[in-house]
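Single-structure report; data block below.
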Amino acid sequence: MSTPLVDLFLEAVAIDAVSLHEAPVVRFIREKLSGLPVRIVQDETGPIVGGETGNIFCIPPTFDPAQPAIALLAHMDTPRSTANVRPVLTDSRITSDGTTTLGVDNRAGVSVLLHVLAEHVRRKLAGNFVVVFTFGEEIGMYGSKHADLRPYNVNMCFVFDCSKRPGTFIQSAVGSSLWTAIFHGKSSHAGVAPEKGVNAIQIAARALSEVPVGRLSPTTTANIGIISGGEATNVVPDRCRVDGEVREFDQRTIEEYLASVEKKFSGVARDNGGSLTFESQVDFPPFVLDPQGEAFRRTGEVLTSVGLSPNPIQYLGGSDANMLNAKGIPAVNLGIGAQNPHGNDEFILLEDLAKTVEIAEALIAGSIR
């Protein structure tokens with residue numbers, strides 16, 4: 001069933017804009033808000049990480065910086081290209097035809113917030129809020145990491161990005177740290193003098209076989225994602241790089257895992273005549289919302305007011321909410337029903353798209369205090 005919201009979403013998913021290449025989405029946002037009394041501010045943080053654009057702040061005429069405000073957020077990038085997407089609209093849902101991803105993560109959030117903002121301004125409704133569209137979320141929450149909400153007096157944020165259905169929201173989310181291990185060996189001719197070389201790829205293979213990956217506990221996961229090394233088949237490789245990650249709700253557990261990996265890798269490299277360079281960094285920190293806090297309470301009230309049963313959950317993925325909570329701004333990632341994210345079988349139910357609009361409208365109405 002076609003509606004203005006559905007039509008907006010179908011336009012949004014047709015935009016091909018992966019991480020750090022969100023300029024087409026910025027043009028789309030500006031076009032849809034053209035002629036409305038909405039002040040649009042684009043920060044200059046994108047080039048810091050090689051992006052085309054920064055974060056987009058949309059400020060309605062009702063905004064009063066002297067009063068506490070809320071921020072509603074969605075990210076502009078998709079993890080995979082949506083070029084040549086062919087959306088399929090049925091009586092109950094929107095999917096792609098299965099040959100590409102749909103881009104529901106997070107074109108659904110973008111569409112909902114654009115729709116709600118435009119309607120709010122057209123109807124001259126009250127509310128103290130800003131809408132923020134972030135960049136580079138899928139590859140490290142770059143936008144929210146660099147966004148400065150202080151000029152807008154924001155005291156809580158609501159992120160429209162969770163794949164769970166409306167009613168569910170993330171109370172606690174894991175953090176993630178990335179690690180890079182470079183195994184160093186010694187190059188030599190693989191045919192003439194292989195015994196003079198130290199094979200870095202072989203060292204890496206032996207080391208990796210001794211490190212646990214996958215689901216290590218109900219709250220801990222680890223992965224080895226990239227391996228690269230070698231120059232030619234007739235050269236004993238003197239270098240092999242391995243990249244991985246670890247996720248957990250407790251930062252200390254993450255640090256303990258990283259320390260154990262580095263110790264194991266170093267020992268294997270040394271025992272096999274090589275050496276190791278190991279580095280790690282926080283990709284995004286974990287967070288836990290205080291159930292007695294205002295953001296948690298407000299979320300429950302709003303979800304109840306639109307006929308939903310609030311369902312706080314733990315979540316093993318990250319979002320802009322991780323970065324915002326790390327900055328000391330309580331942030332809730334709300335379920336919007338963007339299901340099967342990142343796959344060619346992504347979809348969203350029409351009822352969830354409409355219900356997410358209700359949630360956003362109720363949050364704005366509640367911002368009048």
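Residue numbering restarts at 1 in every chain; chains get A, B, ... in the order shown in the structure tokens, and ligands count up from 1 in that same order.
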
Find the residues near Gly274 (chain A): any atom within 8 Å, counting only C-alpha atoms, skip ones fewer than 3 places away on the same chain, and give them as a ChimeraX atom specification.
-> /A:183-186,198,200,203,269-271

Kindly export the residues of the current selection with N, CA and C atoms, as an mmCIF file, in the first residue's frame.
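Resulting contents of result30.cif:
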```
data_model
loop_
_atom_site.group_PDB
_atom_site.id
_atom_site.type_symbol
_atom_site.label_atom_id
_atom_site.label_comp_id
_atom_site.auth_asym_id
_atom_site.auth_seq_id
_atom_site.Cartn_x
_atom_site.Cartn_y
_atom_site.Cartn_z
ATOM 1 N N PHE A 183 52.909 -10.787 11.792
ATOM 2 C CA PHE A 183 53.944 -11.794 12.041
ATOM 3 C C PHE A 183 55.107 -11.536 11.086
ATOM 4 N N HIS A 184 56.297 -11.449 11.655
ATOM 5 C CA HIS A 184 57.498 -11.170 10.865
ATOM 6 C C HIS A 184 58.364 -12.428 10.777
ATOM 7 N N GLY A 185 58.745 -12.772 9.548
ATOM 8 C CA GLY A 185 59.649 -13.898 9.335
ATOM 9 C C GLY A 185 60.895 -13.426 8.603
ATOM 10 N N LYS A 186 61.368 -14.235 7.680
ATOM 11 C CA LYS A 186 62.555 -13.877 6.900
ATOM 12 C C LYS A 186 62.358 -14.398 5.484
ATOM 13 N N VAL A 198 62.159 -17.832 6.956
ATOM 14 C CA VAL A 198 61.225 -18.079 8.052
ATOM 15 C C VAL A 198 59.849 -17.663 7.542
ATOM 16 N N ALA A 200 56.408 -16.451 7.469
ATOM 17 C CA ALA A 200 55.516 -15.710 8.368
ATOM 18 C C ALA A 200 54.088 -16.215 8.286
ATOM 19 N N ILE A 203 53.849 -19.264 10.465
ATOM 20 C CA ILE A 203 53.818 -18.869 11.871
ATOM 21 C C ILE A 203 52.422 -18.395 12.257
ATOM 22 N N ALA A 269 55.378 -16.911 17.642
ATOM 23 C CA ALA A 269 56.311 -16.264 16.717
ATOM 24 C C ALA A 269 57.748 -16.478 17.172
ATOM 25 N N ARG A 270 58.011 -16.292 18.439
ATOM 26 C CA ARG A 270 59.365 -16.464 18.974
ATOM 27 C C ARG A 270 59.835 -17.911 18.837
ATOM 28 N N ASP A 271 58.965 -18.854 19.142
ATOM 29 C CA ASP A 271 59.337 -20.267 19.093
ATOM 30 C C ASP A 271 59.622 -20.748 17.670
#
```

Compile the contact shell of Asp161 (chain A) as an mmCIF file with N, CA and C atoms, in the first residue's frame: residues with an atom at most 9 Å away, counting only C-alpha atoms, same-chain residues fewer than 6 positions apart removed.
```
data_model
loop_
_atom_site.group_PDB
_atom_site.id
_atom_site.type_symbol
_atom_site.label_atom_id
_atom_site.label_comp_id
_atom_site.auth_asym_id
_atom_site.auth_seq_id
_atom_site.Cartn_x
_atom_site.Cartn_y
_atom_site.Cartn_z
ATOM 1 N N LEU A 73 18.169 10.440 16.044
ATOM 2 C CA LEU A 73 19.263 10.174 15.119
ATOM 3 C C LEU A 73 18.997 8.975 14.222
ATOM 4 N N ALA A 74 19.547 9.054 13.011
ATOM 5 C CA ALA A 74 19.616 7.917 12.093
ATOM 6 C C ALA A 74 20.881 8.102 11.266
ATOM 7 N N HIS A 75 21.467 7.004 10.819
ATOM 8 C CA HIS A 75 22.703 7.142 10.033
ATOM 9 C C HIS A 75 22.415 7.059 8.546
ATOM 10 N N ASP A 105 18.584 -0.747 6.495
ATOM 11 C CA ASP A 105 19.518 -0.277 7.528
ATOM 12 C C ASP A 105 20.456 0.754 6.884
ATOM 13 N N ASN A 106 20.240 2.048 6.959
ATOM 14 C CA ASN A 106 19.264 2.629 7.849
ATOM 15 C C ASN A 106 18.384 3.642 7.111
ATOM 16 N N ALA A 108 15.433 3.217 6.586
ATOM 17 C CA ALA A 108 14.167 3.259 7.324
ATOM 18 C C ALA A 108 14.209 4.372 8.363
ATOM 19 N N GLY A 109 15.284 4.439 9.125
ATOM 20 C CA GLY A 109 15.415 5.493 10.122
ATOM 21 C C GLY A 109 15.450 6.872 9.497
ATOM 22 N N SER A 319 26.105 0.577 17.741
ATOM 23 C CA SER A 319 25.359 1.612 17.042
ATOM 24 C C SER A 319 25.850 2.967 17.519
ATOM 25 N N ASP A 320 25.265 4.025 16.946
ATOM 26 C CA ASP A 320 25.599 5.369 17.403
ATOM 27 C C ASP A 320 25.324 5.546 18.892
ATOM 28 N N ASN A 333 18.819 3.049 21.662
ATOM 29 C CA ASN A 333 18.632 2.571 20.299
ATOM 30 C C ASN A 333 17.303 1.831 20.242
ATOM 31 N N LEU A 334 16.388 2.343 19.424
ATOM 32 C CA LEU A 334 15.013 1.845 19.378
ATOM 33 C C LEU A 334 14.810 0.853 18.243
ATOM 34 N N GLY A 335 14.050 -0.185 18.505
ATOM 35 C CA GLY A 335 13.674 -1.120 17.465
ATOM 36 C C GLY A 335 12.774 -0.447 16.442
ATOM 37 N N ILE A 336 13.151 -0.572 15.148
ATOM 38 C CA ILE A 336 12.333 0.019 14.090
ATOM 39 C C ILE A 336 11.905 -1.043 13.066
ATOM 40 N N GLY A 337 12.298 -2.300 13.307
ATOM 41 C CA GLY A 337 11.855 -3.373 12.435
ATOM 42 C C GLY A 337 12.615 -3.502 11.135
ATOM 43 N N ALA A 338 13.833 -3.002 11.087
ATOM 44 C CA ALA A 338 14.670 -3.167 9.893
ATOM 45 C C ALA A 338 15.294 -4.564 9.948
#
```

Smallest atom-to-atom distance to Arg93 (chain A): which of A:Glu294, A:Pro237, A:Ser2, A:Thr304, using only C-alpha atoms?
->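 Under the stated criterion, the closest residue is A:Ser2.
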
Rank A:Ala193, A:Ala17, A:Val261, A:Cys240 by their smallest atom-to-atom distance to Val211 (chain A), using only C-alpha atoms, and report the top residue only.
-> A:Val261

Check the DSSP output for the backbone and give back, as a PyMOL selection string, the residues of region 108-310 of chain A in helix (DSSP H, G or I).
-> chain A and resi 108-122+137-139+142-146+150-152+194-196+200-208+251-271+294-305

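By only C-alpha atoms, and with residues fewer than 4 positions from region 136-141 of chain A along its chain excluded, the set lying at most 7 Å from it is Ser19, Leu20, His75, Asp77, Thr78, Pro79, Lys145, Asp283, Ser319 and Asp320 of chain A.
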
Quote the spacing between CA of Cys162 (chain A) and CA of Gln314 (chain A) in Å to one decimal place.
->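 Straight-line distance from CA of Cys162 (chain A) to CA of Gln314 (chain A) works out to 11.7 Å.
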
What are the DSSP strand (DSSP E) residues of region 58-284 of chain A, as JSON, numbers by chain?
-> {"A": [58, 59, 69, 70, 71, 72, 73, 74, 75, 87, 88, 89, 93, 94, 95, 96, 129, 130, 131, 132, 133, 134, 154, 155, 156, 157, 158, 159, 160, 161, 162, 168, 169, 170, 171, 172, 173, 175, 176, 177, 178, 179, 180, 181, 182, 183, 184, 188, 189, 214, 215, 216, 217, 220, 221, 222, 223, 224, 225, 226, 227, 228, 229, 235, 236, 239, 240, 241, 242, 243, 244, 245, 246, 247, 248, 275, 276, 277, 278, 279, 280, 281, 282, 283, 284]}

Contacts of Phe28 (chain A) at 12 Å or less, counting only C-alpha atoms, minus same-chain residues fewer than 2 places along, as a list in words?
-> Leu8, Phe9, Glu11, Ala12, Val13, Ala14, Ile15, Asp16, Ala17, Glu22, Ala23, Pro24, Val25, Val26, Arg30, Glu31, Lys32, Leu33, Ser34, Ile56, Met76, Arg107, Val110, Ser111, Leu114 and Phe133 of chain A

Nearest to Val236 (chain A) by atom-to-atom distance, counting only C-alpha atoms, from A:Lys164, A:Ile59, A:Ser260, A:Gly191 =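 For Val236 (chain A), the nearest of the candidates is A:Gly191.
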
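Going from CA of Gly103 (chain A) over to CA of Ser163 (chain A), you cover 12.1 Å.
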
Polymer residues at most 10 Å from region 215-217 of chain A, only C-alpha atoms, same-chain spacing of 3 or more positions, as a list in words | Pro212, Thr220, Thr221, Ala222, Asn223, Val246, Arg247 and Glu248 of chain A

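Among A:Gly46, A:Pro65, A:Gly35, A:Thr168, the residue with the shortest atom-to-atom distance to Ser309 (chain A), counting only C-alpha atoms, is A:Thr168.
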
Spatial neighbours of Ser96 (chain A), max dist 9 Å, only C-alpha atoms, sep filter under 2 positions, as a list of chain:residue names |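 Close residues of Ser96 (chain A): A:Val85, A:Arg86, A:Pro87, A:Val88, A:Leu89, A:Ile94, A:Gly98, A:Thr99, A:Thr100, A:Thr101, A:Leu102, A:Gly103, A:Asn344, A:Asp345, A:Glu346, A:Phe347.
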